[in-house]
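Novice: Before I ask anything, let me first share the structure, which is written out below as structure tokens.
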Amino acid sequence: MLVTLAIVIIALIVVGVATRTAKTAPSAPQSVHVAAGDALVTVSWSPPAKDGGSAVTHYHASASPGGRSCSASTTSCTITGLTNGTAYVIKVTAINTVGTSVAATSSSVTPRYAACASFSSLPSRAVSADVLATLTAYYNAKHLGPISVVGKREMILTVASQTIGVHHCANADGSVASYTGMVPANATAAVEVEVRHLAYPVTGGSVSFVTLAQTAAGWKVVSEGTGP
């Protein structure tokens, strides 16, 4: 009888230990926040209240509709390739060695085109010697020198927003504008300057807005027009 009782007690202890040490998938992430950008949504969240006895290894966020997603070992990531003007709901799950949590769901979020930037609103700096030398050579080759850079400033462009191809941006009234980028994808920097030069023989124009791109080969004029 005593032996039997001891076995029962040991069995109960073993079951209790096993119950206490059993690991599960984590609970859902908490406090999901979303911020819309141009064709993207940045998602952030707080860790789950319970990790299931096994540390969370990473998180996964997916957008509906479409299924675009991102993963991270931290508590934020950015989902790209979304459609501007489309409303999305983002679901975030936590993953540990046991499994995946139920999803935490964000509020609806709608990516929008970035606001159209005016020439005067762009960040600027003093025009560099390399940019000035490139401009001087460019206009001298056209026999339109000497030149001067208005304000002696160069406006700093975001390379991604000026790469070769058609881009879109949002006007202040909510309408969408289109423009053509001319900066090579391999450029490391791009600037725009307002240049005064001798008048073109046919058009008579003597002021141009010039876009320059910097690559491994140096600075190069990639676009010239009568307006920014």
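Ordering of the structure tokens sets the chain letters (A, B, ...), residue numbers begin anew at 1 in every chain, and ligands are numbered from 1 in the order given.
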Name all residues at most 6 Å from segment 117-131 of chain A (count only C-alpha atoms; drop same-chain ones fewer than 5 positions away) and give them as a CSV table (one decimal) with C-alpha atoms, in the first residue's frame.

Specialist:
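What landed in out.csv:
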```csv
chain,number,residue,atom,x,y,z
A,152,LYS,CA,25.4,80.0,-55.1
A,153,ARG,CA,23.3,77.1,-53.7
A,154,GLU,CA,22.5,73.6,-54.8
A,155,MET,CA,19.2,72.0,-53.8
A,156,ILE,CA,19.5,68.5,-52.5
A,228,PRO,CA,12.2,73.2,-61.6
```

Novice: Skipping near chain neighbours, those fewer than 4 positions away, what residues fall within 8 Å of Ser148 of chain A using only C-alpha atoms, listed as a ChimeraX atom specification?

Specialist: /A:152,195-197

Novice: Filtering to C-alpha atoms, could you give me those residues as a PDB file, in the first residue's frame?

Specialist:
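Final output, saved to part_17.pdb:
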```pdb
ATOM      1  CA  LYS A 152      25.397  79.980 -55.062  1.00  0.00           C
ATOM      2  CA  VAL A 195      22.002  78.516 -63.608  1.00  0.00           C
ATOM      3  CA  ARG A 196      22.395  81.796 -65.491  1.00  0.00           C
ATOM      4  CA  HIS A 197      24.254  81.466 -68.791  1.00  0.00           C
TER       5      HIS A 197
END
```

Novice: Which residues are near segment 58-61 of chain A? Cut-off 6 Å, only C-alpha atoms, ignore same chain within fewer than 4 positions. Put them as a PyMOL selection string.

Specialist: chain A and resi 69-73+91-95

Novice: Report the distance between atom CA of Lys23 of chain A and atom CA of Ser46 of chain A in Å, rounded to one decimal place.

Specialist: 21.0 Å

Novice: Mind checking which residues fall within 8 Å of Gln162 of chain A, counting only C-alpha atoms, ignoring those fewer than 3 positions away in the same chain, and posting them as a ChimeraX atom specification?

Specialist: /A:157-159,167,180-183

Novice: Tell me, as a count of residues only, which residues lie within 10 Å of Ala213 of chain A, counting only C-alpha atoms; anything in the same chain fewer than 4 positions away does not count.

Specialist: 22

Novice: Using only C-alpha atoms, can you tell me which of A:Ala103, A:Gly53, A:Val89, A:Arg112 comes closest to Asn171 of chain A?

Specialist: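 Under the stated criterion, the closest residue is A:Arg112.
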
Novice: Enter the distance from atom CA of Lys142 of chain A to atom CA of Tyr200 of chain A, in Å, rounded to one decimal.

Specialist: 9.0 Å

Novice: What lies within 7 Å of Thr80 of chain A using only C-alpha atoms, ignoring chain neighbours under 5 positions off, as a ChimeraX atom specification?

Specialist: /A:39-41

Novice: DSSP on the backbone, alpha helix (DSSP H) only: what residues of segment 65-184 of chain A does that give? Format it as a list of chain:residue names.

Specialist: A:Ala129, A:Asp130, A:Val131, A:Leu132, A:Ala133, A:Thr134, A:Leu135, A:Thr136, A:Ala137, A:Tyr138, A:Tyr139, A:Asn140, A:Ala141, A:Val159, A:Ala160, A:Ser161, A:Gln162

Novice: I need the strand (DSSP E or B) residues of segment 4-193 of chain A per DSSP on the backbone, written as a count of residues only.

Specialist: 72

Novice: For Pro201 of chain A, which of A:Arg68, A:His143, A:Lys50, A:His33 is the closest residue, counting only C-alpha atoms?

Specialist: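 Of A:Arg68, A:His143, A:Lys50, A:His33, the one nearest Pro201 of chain A is A:His143, counting only C-alpha atoms.
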
Novice: Within 6 Å of Phe209 of chain A, counting only C-alpha atoms, which residues show up once you throw out same-chain ones fewer than 3 positions away? Write them as a list of chain:residue names, please.

Specialist: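 Residues meeting the cut-off are A:Val193, A:Glu194, A:Glu224, A:Gly225, A:Thr226, A:Gly227, A:Pro228.
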